[in-house]
Amino acid sequence: MLLKRLVHPPSDRRFYRTKPKGITSAKRLHIGSERLIVVALSFWLAGCNNQQPAAQGPPPAEVTVSKPEQKEVVNWNEFTGRTAAVKLVTVTARVSGYIVDIPFKEGDLVHKGDLLFQIDPRPYQHAYDQAVGQLQQAQANQQLQDATFARQQRLREMRVIASEDYDTALSNKNQAAAQVVSAQAARNSAQLNLEFTHVTSPIDGRVSRQLVNIGNLVQADSTQLTTVVSIDPIYAYFSMDELAALTFQRLTREGKLAGSPDGKTPVYLRLQDETGFPHEGTIDFSDNAFDSSTGTLLIRASFPNTDGFLTPGNFVRVRVASSPKYDALLVADRAIGSDQDQSFVYVVDAKNIARLRHIKTGQPAEGLRVVKSGLQPDDVVIINGIIKVRPDSAVKPEQGAMEQFSSNDLSMPLLGSKSKTARVD
């Protein structure tokens with residue numbers, strides 16, 4: 001009976017473990033939580049579906065492009081120098097006396113022979129009149145002695161006078177002729193002194209300030225009155241270093257430098273406030289030896305100065321050709337970037353992609369820059385907006401002209417033009 005109870009427990013509920021009462025409530029709470037999670041996920045997914053699409057990449061940069069200019073140019077060496085007058089005259093009194101008149105205006109242009117100073121002429125007029133009188137007296141005495149000699153000569157032929165009388169008459173005649181010559185010289189000297197009281201300009205040019213005033217006493221050959229400098233043409237002196245001088249001499253000897261119509265080598269000059277080199281002249285002198293202390297050779301160039309704008313003593317810059325003419329490609333300086341010690345430009349290909357291209361640059365030419373290598377005539381170069389461009393990025397090109405973005409520095413005269421780029425006014 002005991003075994004039966006162990007195998008088959010009684011049906012009495014007291015002998016069975018009862019289930020906790022909170023089981024049903026936990027299940028309900030779990031199911032509710034799952035439902036809340038599902039609802040939250042639904043709202044989150046719905047919110048994600050309502051978000052705006054991801055932003056696209058930046059639009060292509062708008063740039064201005066142009067093909068490089070193709071022109072005929074020359075390399076130049078640049079030097080500093082000073083202008084100088086072709087003629088510089090210091091006006092000095094040639095006779096002593098008091099200044100009675102100064103008719104010129106300081107700084108005026110004067111012509112050769114214009115009166116500058118008037119020295120009191122009265123003493124010299126009196127000396128001249130006295131010399132004229134002495135000449136007339138000598139001439140009268142000469143006439144008398146000539147007549148006396150003629151009579152003595154006839155008497156001598158008749159053998160009625162002594163030889164001593166004849167010799168005396170001949171001597172008197174010769175002395176009278178000599179006195180006339182002396183009197184003429186004195187008259188001419190007095191006339192010169194009288195003329196020297198009129199101090200005139202010896203050349204055409206510009207007169208300086210007066211160094212004396214009316215009433216001052218001036219001494220002959222010592223008192224400086226003023227200076228006069230010629231205006232047209234005008235010289236420019238500059239020193240050329242030995243290497244540049246040797247290059248210039250070789251090119252000149254080989255006939256590779258462009259010459260002026262008169263066969264001289266052209267040079268170009270500018271003043272401190274000028275853009276480019278607007279004044280053209282020619283070299284007309286080079287010194288016969290280098291300066292051993294500086295290693296330079298003195299060169300002189302002559303420039304037309306019809307308007308008188310160039311003034312002696314101006315500080316100037318002079319350019320001299322250092323190569324023969326050659327064809328070159330030119331781009332604007334603003335189209336050129338710098339990467340450490342390398343220069344580059346952006347070239348736009350057929351797909352409007354900007355490609356970085358390293359180049360080697362040369363001298364400036366009429367506001368543009370010579371490109372020695374790295375660029376082809378048909379390359380399309382970005383000339384404006386390179387700051388917005390990155391290598392291998394898309395761009396939106398707009399056609400322009402290279403000269404639109406030149407630096408307007410006419411620092412290198414062009415000798416010809418073979419431009420293939422359309423100009424934009």
# chains A, B, ... in the order shown; residues from 1 in each chain; ligands from 1

$ select_by_dssp --residues "segment 238-384 of chain A" --states "helix (DSSP H, G or I)" --output "PyMOL selection string"
chain A and resi 242-253+333-335

$ write_last_selection --atoms "N, CA and C atoms" --output "PDB file, in the first residue's frame"
ATOM      1  N   GLU A 242      80.120  92.004 -67.239  1.00  0.00           N
ATOM      2  CA  GLU A 242      81.002  91.372 -68.230  1.00  0.00           C
ATOM      3  C   GLU A 242      80.295  90.258 -68.997  1.00  0.00           C
ATOM      4  N   LEU A 243      79.516  89.412 -68.305  1.00  0.00           N
ATOM      5  CA  LEU A 243      78.838  88.313 -68.992  1.00  0.00           C
ATOM      6  C   LEU A 243      77.837  88.839 -70.009  1.00  0.00           C
ATOM      7  N   ALA A 244      77.052  89.831 -69.603  1.00  0.00           N
ATOM      8  CA  ALA A 244      76.083  90.418 -70.532  1.00  0.00           C
ATOM      9  C   ALA A 244      76.786  91.105 -71.689  1.00  0.00           C
ATOM     10  N   ALA A 245      77.911  91.770 -71.410  1.00  0.00           N
ATOM     11  CA  ALA A 245      78.655  92.450 -72.465  1.00  0.00           C
ATOM     12  C   ALA A 245      79.213  91.452 -73.472  1.00  0.00           C
ATOM     13  N   LEU A 246      79.728  90.325 -72.990  1.00  0.00           N
ATOM     14  CA  LEU A 246      80.261  89.311 -73.903  1.00  0.00           C
ATOM     15  C   LEU A 246      79.153  88.719 -74.768  1.00  0.00           C
ATOM     16  N   THR A 247      78.004  88.435 -74.152  1.00  0.00           N
ATOM     17  CA  THR A 247      76.876  87.917 -74.926  1.00  0.00           C
ATOM     18  C   THR A 247      76.433  88.920 -75.974  1.00  0.00           C
ATOM     19  N   PHE A 248      76.357  90.172 -75.579  1.00  0.00           N
ATOM     20  CA  PHE A 248      75.952  91.223 -76.517  1.00  0.00           C
ATOM     21  C   PHE A 248      76.948  91.360 -77.670  1.00  0.00           C
ATOM     22  N   GLN A 249      78.238  91.323 -77.367  1.00  0.00           N
ATOM     23  CA  GLN A 249      79.259  91.463 -78.400  1.00  0.00           C
ATOM     24  C   GLN A 249      79.229  90.290 -79.380  1.00  0.00           C
ATOM     25  N   ARG A 250      79.023  89.068 -78.868  1.00  0.00           N
ATOM     26  CA  ARG A 250      78.976  87.915 -79.762  1.00  0.00           C
ATOM     27  C   ARG A 250      77.748  87.971 -80.669  1.00  0.00           C
ATOM     28  N   LEU A 251      76.602  88.279 -80.095  1.00  0.00           N
ATOM     29  CA  LEU A 251      75.391  88.363 -80.916  1.00  0.00           C
ATOM     30  C   LEU A 251      75.499  89.469 -81.957  1.00  0.00           C
ATOM     31  N   THR A 252      76.106  90.586 -81.573  1.00  0.00           N
ATOM     32  CA  THR A 252      76.283  91.683 -82.526  1.00  0.00           C
ATOM     33  C   THR A 252      77.233  91.281 -83.644  1.00  0.00           C
ATOM     34  N   ARG A 253      78.330  90.626 -83.292  1.00  0.00           N
ATOM     35  CA  ARG A 253      79.301  90.200 -84.299  1.00  0.00           C
ATOM     36  C   ARG A 253      78.690  89.183 -85.259  1.00  0.00           C
ATOM     37  N   ASP A 333      50.161  85.758 -66.056  1.00  0.00           N
ATOM     38  CA  ASP A 333      50.784  85.379 -64.780  1.00  0.00           C
ATOM     39  C   ASP A 333      49.765  84.816 -63.800  1.00  0.00           C
ATOM     40  N   ARG A 334      48.539  85.298 -63.856  1.00  0.00           N
ATOM     41  CA  ARG A 334      47.541  84.828 -62.905  1.00  0.00           C
ATOM     42  C   ARG A 334      47.090  83.412 -63.222  1.00  0.00           C
ATOM     43  N   ALA A 335      47.424  82.889 -64.402  1.00  0.00           N
ATOM     44  CA  ALA A 335      47.106  81.508 -64.742  1.00  0.00           C
ATOM     45  C   ALA A 335      48.144  80.533 -64.219  1.00  0.00           C
TER      46      ALA A 335
END

$ select_by_dssp --residues "segment 179-267 of chain A" --states "strand (DSSP E)" --output "list of chain:residue names"
A:His198, A:Val199, A:Thr200, A:Gly205, A:Arg206, A:Val207, A:Leu217, A:Val218, A:Gln224, A:Leu225, A:Thr226, A:Thr227, A:Val228, A:Val229, A:Ile234, A:Tyr235, A:Ala236, A:Tyr237, A:Phe238, A:Ser239, A:Met240, A:Asp241, A:Pro266, A:Val267

$ write_last_selection --atoms "N, CA and C atoms" --output "PDB file, in the first residue's frame"
ATOM      1  N   HIS A 198      77.775 141.271 -74.755  1.00  0.00           N
ATOM      2  CA  HIS A 198      76.482 140.620 -75.012  1.00  0.00           C
ATOM      3  C   HIS A 198      76.699 139.110 -74.829  1.00  0.00           C
ATOM      4  N   VAL A 199      76.335 138.593 -73.681  1.00  0.00           N
ATOM      5  CA  VAL A 199      76.536 137.168 -73.388  1.00  0.00           C
ATOM      6  C   VAL A 199      75.335 136.407 -73.944  1.00  0.00           C
ATOM      7  N   THR A 200      75.571 135.610 -74.957  1.00  0.00           N
ATOM      8  CA  THR A 200      74.493 134.881 -75.631  1.00  0.00           C
ATOM      9  C   THR A 200      74.625 133.381 -75.397  1.00  0.00           C
ATOM     10  N   GLY A 205      68.950 124.851 -76.281  1.00  0.00           N
ATOM     11  CA  GLY A 205      68.725 123.999 -75.116  1.00  0.00           C
ATOM     12  C   GLY A 205      67.927 124.701 -74.051  1.00  0.00           C
ATOM     13  N   ARG A 206      68.073 124.189 -72.825  1.00  0.00           N
ATOM     14  CA  ARG A 206      67.350 124.747 -71.684  1.00  0.00           C
ATOM     15  C   ARG A 206      68.351 125.427 -70.756  1.00  0.00           C
ATOM     16  N   VAL A 207      68.042 126.655 -70.385  1.00  0.00           N
ATOM     17  CA  VAL A 207      68.942 127.432 -69.545  1.00  0.00           C
ATOM     18  C   VAL A 207      68.625 127.182 -68.078  1.00  0.00           C
ATOM     19  N   LEU A 217      79.539 142.575 -60.263  1.00  0.00           N
ATOM     20  CA  LEU A 217      80.749 142.681 -61.059  1.00  0.00           C
ATOM     21  C   LEU A 217      81.223 141.283 -61.416  1.00  0.00           C
ATOM     22  N   VAL A 218      81.429 141.073 -62.700  1.00  0.00           N
ATOM     23  CA  VAL A 218      81.922 139.774 -63.162  1.00  0.00           C
ATOM     24  C   VAL A 218      83.330 139.955 -63.706  1.00  0.00           C
ATOM     25  N   GLN A 224      81.208 132.395 -63.395  1.00  0.00           N
ATOM     26  CA  GLN A 224      80.182 131.600 -64.064  1.00  0.00           C
ATOM     27  C   GLN A 224      78.837 132.295 -63.933  1.00  0.00           C
ATOM     28  N   LEU A 225      78.139 132.371 -65.060  1.00  0.00           N
ATOM     29  CA  LEU A 225      76.873 133.089 -65.088  1.00  0.00           C
ATOM     30  C   LEU A 225      75.673 132.148 -65.024  1.00  0.00           C
ATOM     31  N   THR A 226      75.687 131.032 -65.785  1.00  0.00           N
ATOM     32  CA  THR A 226      74.606 130.046 -65.809  1.00  0.00           C
ATOM     33  C   THR A 226      75.094 128.847 -66.610  1.00  0.00           C
ATOM     34  N   THR A 227      74.220 127.869 -66.802  1.00  0.00           N
ATOM     35  CA  THR A 227      74.532 126.710 -67.654  1.00  0.00           C
ATOM     36  C   THR A 227      73.385 126.494 -68.625  1.00  0.00           C
ATOM     37  N   VAL A 228      73.727 125.889 -69.756  1.00  0.00           N
ATOM     38  CA  VAL A 228      72.740 125.547 -70.775  1.00  0.00           C
ATOM     39  C   VAL A 228      72.987 124.102 -71.189  1.00  0.00           C
ATOM     40  N   VAL A 229      71.919 123.301 -71.232  1.00  0.00           N
ATOM     41  CA  VAL A 229      72.033 121.907 -71.651  1.00  0.00           C
ATOM     42  C   VAL A 229      71.176 121.691 -72.894  1.00  0.00           C
ATOM     43  N   ILE A 234      69.189 113.016 -76.328  1.00  0.00           N
ATOM     44  CA  ILE A 234      69.730 112.934 -74.976  1.00  0.00           C
ATOM     45  C   ILE A 234      70.412 111.592 -74.802  1.00  0.00           C
ATOM     46  N   TYR A 235      71.461 111.556 -73.995  1.00  0.00           N
ATOM     47  CA  TYR A 235      72.214 110.328 -73.747  1.00  0.00           C
ATOM     48  C   TYR A 235      71.703 109.626 -72.495  1.00  0.00           C
ATOM     49  N   ALA A 236      71.925 108.301 -72.452  1.00  0.00           N
ATOM     50  CA  ALA A 236      71.740 107.505 -71.235  1.00  0.00           C
ATOM     51  C   ALA A 236      72.984 106.649 -71.063  1.00  0.00           C
ATOM     52  N   TYR A 237      73.659 106.808 -69.942  1.00  0.00           N
ATOM     53  CA  TYR A 237      74.853 106.021 -69.638  1.00  0.00           C
ATOM     54  C   TYR A 237      74.477 104.911 -68.649  1.00  0.00           C
ATOM     55  N   PHE A 238      74.947 103.698 -68.909  1.00  0.00           N
ATOM     56  CA  PHE A 238      74.716 102.580 -68.004  1.00  0.00           C
ATOM     57  C   PHE A 238      75.892 101.627 -68.100  1.00  0.00           C
ATOM     58  N   SER A 239      76.064 100.838 -67.043  1.00  0.00           N
ATOM     59  CA  SER A 239      77.183  99.892 -66.971  1.00  0.00           C
ATOM     60  C   SER A 239      76.666  98.481 -67.186  1.00  0.00           C
ATOM     61  N   MET A 240      77.305  97.750 -68.099  1.00  0.00           N
ATOM     62  CA  MET A 240      76.915  96.396 -68.446  1.00  0.00           C
ATOM     63  C   MET A 240      77.920  95.418 -67.841  1.00  0.00           C
ATOM     64  N   ASP A 241      77.406  94.417 -67.133  1.00  0.00           N
ATOM     65  CA  ASP A 241      78.318  93.444 -66.534  1.00  0.00           C
ATOM     66  C   ASP A 241      79.023  92.642 -67.617  1.00  0.00           C
ATOM     67  N   PRO A 266      69.141  98.602 -81.200  1.00  0.00           N
ATOM     68  CA  PRO A 266      68.122  99.355 -80.451  1.00  0.00           C
ATOM     69  C   PRO A 266      68.130  98.999 -78.973  1.00  0.00           C
ATOM     70  N   VAL A 267      67.821  99.974 -78.146  1.00  0.00           N
ATOM     71  CA  VAL A 267      67.658  99.795 -76.708  1.00  0.00           C
ATOM     72  C   VAL A 267      66.394 100.525 -76.299  1.00  0.00           C
TER      73      VAL A 267
END

$ closest_residue --among "A:Ser208, A:Gly385, A:Gln139, A:Phe303" --to "Glu398 of chain A" --atoms "only C-alpha atoms"
A:Gly385

$ closest_atom_pairs --of "segment 110-178 of chain A" --to "segment 84-104 of chain A" --cutoff "9 Å" --atoms "only C-alpha atoms" --output "CSV"
residue,atom,partner,partner_atom,distance
A:Val110,CA,A:Phe104,CA,8.4
A:Asp114,CA,A:Phe104,CA,8.5
A:Leu115,CA,A:Pro103,CA,6.9
A:Leu116,CA,A:Phe104,CA,5.5
A:Phe117,CA,A:Ile102,CA,4.7
A:Gln118,CA,A:Asp101,CA,4.9
A:Ile119,CA,A:Ile99,CA,4.5
A:Asp120,CA,A:Tyr98,CA,5.6
A:Pro121,CA,A:Gly97,CA,8.2
A:Pro123,CA,A:Gly97,CA,8.8

$ write_last_selection --atoms "all heavy atoms" --output "tab-separated table (two decimals), in the first residue's frame"
chain	number	residue	atom	x	y	z
A	110	VAL	N	66.05	128.05	-74.85
A	110	VAL	CA	66.70	129.15	-75.56
A	110	VAL	C	67.32	128.60	-76.84
A	110	VAL	O	67.54	127.39	-76.98
A	110	VAL	CB	67.80	129.80	-74.69
A	110	VAL	CG1	67.18	130.47	-73.48
A	110	VAL	CG2	68.84	128.78	-74.25
A	114	ASP	N	70.66	133.64	-78.50
A	114	ASP	CA	69.76	134.43	-77.66
A	114	ASP	C	70.55	135.12	-76.55
A	114	ASP	O	71.45	134.54	-75.94
A	114	ASP	CB	68.68	133.53	-77.04
A	114	ASP	CG	67.64	133.09	-78.06
A	114	ASP	OD1	67.67	133.60	-79.19
A	114	ASP	OD2	66.82	132.21	-77.71
A	115	LEU	N	70.19	136.38	-76.27
A	115	LEU	CA	70.88	137.16	-75.25
A	115	LEU	C	70.50	136.66	-73.86
A	115	LEU	O	69.32	136.54	-73.52
A	115	LEU	CB	70.52	138.64	-75.38
A	115	LEU	CG	71.20	139.59	-74.38
A	115	LEU	CD1	72.72	139.60	-74.58
A	115	LEU	CD2	70.64	141.01	-74.53
A	116	LEU	N	71.52	136.38	-73.05
A	116	LEU	CA	71.31	135.93	-71.67
A	116	LEU	C	71.68	137.01	-70.65
A	116	LEU	O	70.93	137.25	-69.71
A	116	LEU	CB	72.13	134.66	-71.41
A	116	LEU	CG	71.86	133.45	-72.32
A	116	LEU	CD1	72.75	132.29	-71.94
A	116	LEU	CD2	70.38	133.05	-72.26
A	117	PHE	N	72.86	137.62	-70.83
A	117	PHE	CA	73.33	138.66	-69.91
A	117	PHE	C	73.89	139.82	-70.72
A	117	PHE	O	74.46	139.61	-71.80
A	117	PHE	CB	74.44	138.12	-68.98
A	117	PHE	CG	73.99	137.02	-68.07
A	117	PHE	CD1	74.05	135.70	-68.48
A	117	PHE	CD2	73.51	137.30	-66.80
A	117	PHE	CE1	73.66	134.67	-67.65
A	117	PHE	CE2	73.12	136.28	-65.95
A	117	PHE	CZ	73.18	134.96	-66.38
A	118	GLN	N	73.72	141.01	-70.18
A	118	GLN	CA	74.29	142.19	-70.80
A	118	GLN	C	75.25	142.85	-69.81
A	118	GLN	O	74.84	143.29	-68.73
A	118	GLN	CB	73.21	143.19	-71.21
A	118	GLN	CG	73.73	144.48	-71.80
A	118	GLN	CD	74.46	144.26	-73.12
A	118	GLN	OE1	73.89	143.80	-74.09
A	118	GLN	NE2	75.75	144.58	-73.14
A	119	ILE	N	76.54	142.88	-70.19
A	119	ILE	CA	77.55	143.58	-69.39
A	119	ILE	C	77.63	145.02	-69.89
A	119	ILE	O	77.47	145.29	-71.09
A	119	ILE	CB	78.91	142.87	-69.52
A	119	ILE	CG1	78.80	141.44	-68.99
A	119	ILE	CG2	80.00	143.62	-68.77
A	119	ILE	CD1	80.04	140.61	-69.19
A	120	ASP	N	77.87	145.95	-68.99
A	120	ASP	CA	77.94	147.37	-69.36
A	120	ASP	C	78.91	147.55	-70.54
A	120	ASP	O	80.11	147.31	-70.43
A	120	ASP	CB	78.43	148.18	-68.16
A	120	ASP	CG	78.34	149.67	-68.41
A	120	ASP	OD1	77.92	150.08	-69.52
A	120	ASP	OD2	78.70	150.43	-67.50
A	121	PRO	N	78.41	147.96	-71.71
A	121	PRO	CA	79.26	148.01	-72.90
A	121	PRO	C	80.01	149.33	-73.08
A	121	PRO	O	80.86	149.44	-73.99
A	121	PRO	CB	78.25	147.81	-74.04
A	121	PRO	CG	76.99	148.47	-73.53
A	121	PRO	CD	77.00	148.24	-72.04
A	123	PRO	N	82.49	151.13	-71.57
A	123	PRO	CA	83.95	151.19	-71.64
A	123	PRO	C	84.50	150.52	-72.90
A	123	PRO	O	85.48	150.99	-73.50
A	123	PRO	CB	84.40	150.46	-70.37
A	123	PRO	CG	83.23	150.54	-69.44
A	123	PRO	CD	82.04	150.48	-70.32

$ atom_distance --atom1 "atom CA of Ala140 of chain A" --atom2 "atom CA of Ala186 of chain A"
16.4 Å

$ residues_around --residues "segment 319-325 of chain A" --least-positions-apart "3" --cutoff "9 Å" --atoms "only C-alpha atoms" --output "VMD selection string"
chain A and resid 72 to 80 244 247 to 248 251 256 to 258 265 to 270 277 411 to 412 415

$ write_last_selection --atoms "N, CA, C and O atoms" --output "mmCIF file, in the first residue's frame"
data_model
loop_
_atom_site.group_PDB
_atom_site.id
_atom_site.type_symbol
_atom_site.label_atom_id
_atom_site.label_comp_id
_atom_site.auth_asym_id
_atom_site.auth_seq_id
_atom_site.Cartn_x
_atom_site.Cartn_y
_atom_site.Cartn_z
ATOM 1 N N GLU A 72 56.315 86.313 -81.419
ATOM 2 C CA GLU A 72 57.761 86.364 -81.620
ATOM 3 C C GLU A 72 58.361 87.349 -80.617
ATOM 4 O O GLU A 72 57.988 88.524 -80.600
ATOM 5 N N VAL A 73 59.260 86.873 -79.773
ATOM 6 C CA VAL A 73 59.790 87.689 -78.687
ATOM 7 C C VAL A 73 61.301 87.619 -78.659
ATOM 8 O O VAL A 73 61.924 86.873 -79.419
ATOM 9 N N VAL A 74 61.867 88.414 -77.780
ATOM 10 C CA VAL A 74 63.319 88.475 -77.582
ATOM 11 C C VAL A 74 63.583 88.529 -76.085
ATOM 12 O O VAL A 74 62.838 89.157 -75.336
ATOM 13 N N ASN A 75 64.636 87.874 -75.626
ATOM 14 C CA ASN A 75 65.053 88.001 -74.231
ATOM 15 C C ASN A 75 65.839 89.294 -74.055
ATOM 16 O O ASN A 75 66.525 89.741 -74.972
ATOM 17 N N TRP A 76 65.748 89.856 -72.846
ATOM 18 C CA TRP A 76 66.365 91.152 -72.590
ATOM 19 C C TRP A 76 67.154 91.140 -71.293
ATOM 20 O O TRP A 76 66.803 90.429 -70.349
ATOM 21 N N ASN A 77 68.211 91.926 -71.274
ATOM 22 C CA ASN A 77 68.926 92.244 -70.040
ATOM 23 C C ASN A 77 68.561 93.667 -69.634
ATOM 24 O O ASN A 77 68.445 94.555 -70.487
ATOM 25 N N GLU A 78 68.421 93.876 -68.336
ATOM 26 C CA GLU A 78 67.990 95.189 -67.833
ATOM 27 C C GLU A 78 69.085 95.785 -66.962
ATOM 28 O O GLU A 78 69.697 95.094 -66.139
ATOM 29 N N PHE A 79 69.322 97.087 -67.150
ATOM 30 C CA PHE A 79 70.376 97.792 -66.412
ATOM 31 C C PHE A 79 69.831 99.125 -65.916
ATOM 32 O O PHE A 79 68.856 99.655 -66.451
ATOM 33 N N THR A 80 70.485 99.650 -64.890
ATOM 34 C CA THR A 80 70.145 100.972 -64.386
ATOM 35 C C THR A 80 71.167 101.988 -64.892
ATOM 36 O O THR A 80 72.329 101.646 -65.132
ATOM 37 N N ALA A 244 77.052 89.831 -69.603
ATOM 38 C CA ALA A 244 76.083 90.418 -70.532
ATOM 39 C C ALA A 244 76.786 91.105 -71.689
ATOM 40 O O ALA A 244 76.329 91.051 -72.833
ATOM 41 N N THR A 247 78.004 88.435 -74.152
ATOM 42 C CA THR A 247 76.876 87.917 -74.926
ATOM 43 C C THR A 247 76.433 88.920 -75.974
ATOM 44 O O THR A 247 76.181 88.568 -77.139
ATOM 45 N N PHE A 248 76.357 90.172 -75.579
ATOM 46 C CA PHE A 248 75.952 91.223 -76.517
ATOM 47 C C PHE A 248 76.948 91.360 -77.670
ATOM 48 O O PHE A 248 76.563 91.472 -78.841
ATOM 49 N N LEU A 251 76.602 88.279 -80.095
ATOM 50 C CA LEU A 251 75.391 88.363 -80.916
ATOM 51 C C LEU A 251 75.499 89.469 -81.957
ATOM 52 O O LEU A 251 75.029 89.320 -83.085
ATOM 53 N N LYS A 256 72.999 88.554 -85.109
ATOM 54 C CA LYS A 256 71.769 87.915 -84.666
ATOM 55 C C LYS A 256 70.823 88.868 -83.941
ATOM 56 O O LYS A 256 69.684 88.497 -83.660
ATOM 57 N N LEU A 257 71.278 90.049 -83.605
ATOM 58 C CA LEU A 257 70.419 91.006 -82.916
ATOM 59 C C LEU A 257 69.675 91.855 -83.933
ATOM 60 O O LEU A 257 70.231 92.254 -84.961
ATOM 61 N N ALA A 258 68.428 92.138 -83.613
ATOM 62 C CA ALA A 258 67.634 93.006 -84.482
ATOM 63 C C ALA A 258 68.224 94.405 -84.460
ATOM 64 O O ALA A 258 68.515 94.960 -83.402
ATOM 65 N N THR A 265 72.238 99.040 -82.761
ATOM 66 C CA THR A 265 71.446 98.154 -81.910
ATOM 67 C C THR A 265 70.417 98.951 -81.113
ATOM 68 O O THR A 265 70.784 99.892 -80.409
ATOM 69 N N PRO A 266 69.141 98.602 -81.200
ATOM 70 C CA PRO A 266 68.122 99.355 -80.451
ATOM 71 C C PRO A 266 68.130 98.999 -78.973
ATOM 72 O O PRO A 266 68.423 97.869 -78.582
ATOM 73 N N VAL A 267 67.821 99.974 -78.146
ATOM 74 C CA VAL A 267 67.658 99.795 -76.708
ATOM 75 C C VAL A 267 66.394 100.525 -76.299
ATOM 76 O O VAL A 267 65.896 101.390 -77.020
ATOM 77 N N TYR A 268 65.878 100.162 -75.120
ATOM 78 C CA TYR A 268 64.625 100.730 -74.660
ATOM 79 C C TYR A 268 64.807 101.266 -73.249
ATOM 80 O O TYR A 268 65.524 100.679 -72.438
ATOM 81 N N LEU A 269 64.136 102.362 -72.963
ATOM 82 C CA LEU A 269 64.341 103.091 -71.707
ATOM 83 C C LEU A 269 63.000 103.415 -71.079
ATOM 84 O O LEU A 269 62.011 103.664 -71.770
ATOM 85 N N ARG A 270 63.000 103.417 -69.743
ATOM 86 C CA ARG A 270 61.815 103.882 -69.008
ATOM 87 C C ARG A 270 62.258 104.666 -67.785
ATOM 88 O O ARG A 270 63.316 104.418 -67.195
ATOM 89 N N PHE A 277 58.672 100.096 -71.407
ATOM 90 C CA PHE A 277 59.844 100.820 -71.892
ATOM 91 C C PHE A 277 59.450 101.591 -73.160
ATOM 92 O O PHE A 277 59.693 101.143 -74.276
ATOM 93 N N SER A 411 56.835 95.325 -70.320
ATOM 94 C CA SER A 411 58.244 95.277 -69.960
ATOM 95 C C SER A 411 59.099 94.624 -71.008
ATOM 96 O O SER A 411 60.312 94.649 -70.908
ATOM 97 N N MET A 412 58.482 94.031 -72.011
ATOM 98 C CA MET A 412 59.268 93.327 -73.008
ATOM 99 C C MET A 412 58.674 93.601 -74.371
ATOM 100 O O MET A 412 57.646 93.053 -74.743
ATOM 101 N N LEU A 415 58.382 91.857 -81.051
ATOM 102 C CA LEU A 415 58.918 92.183 -82.359
ATOM 103 C C LEU A 415 58.041 91.640 -83.470
ATOM 104 O O LEU A 415 58.337 91.803 -84.637
#
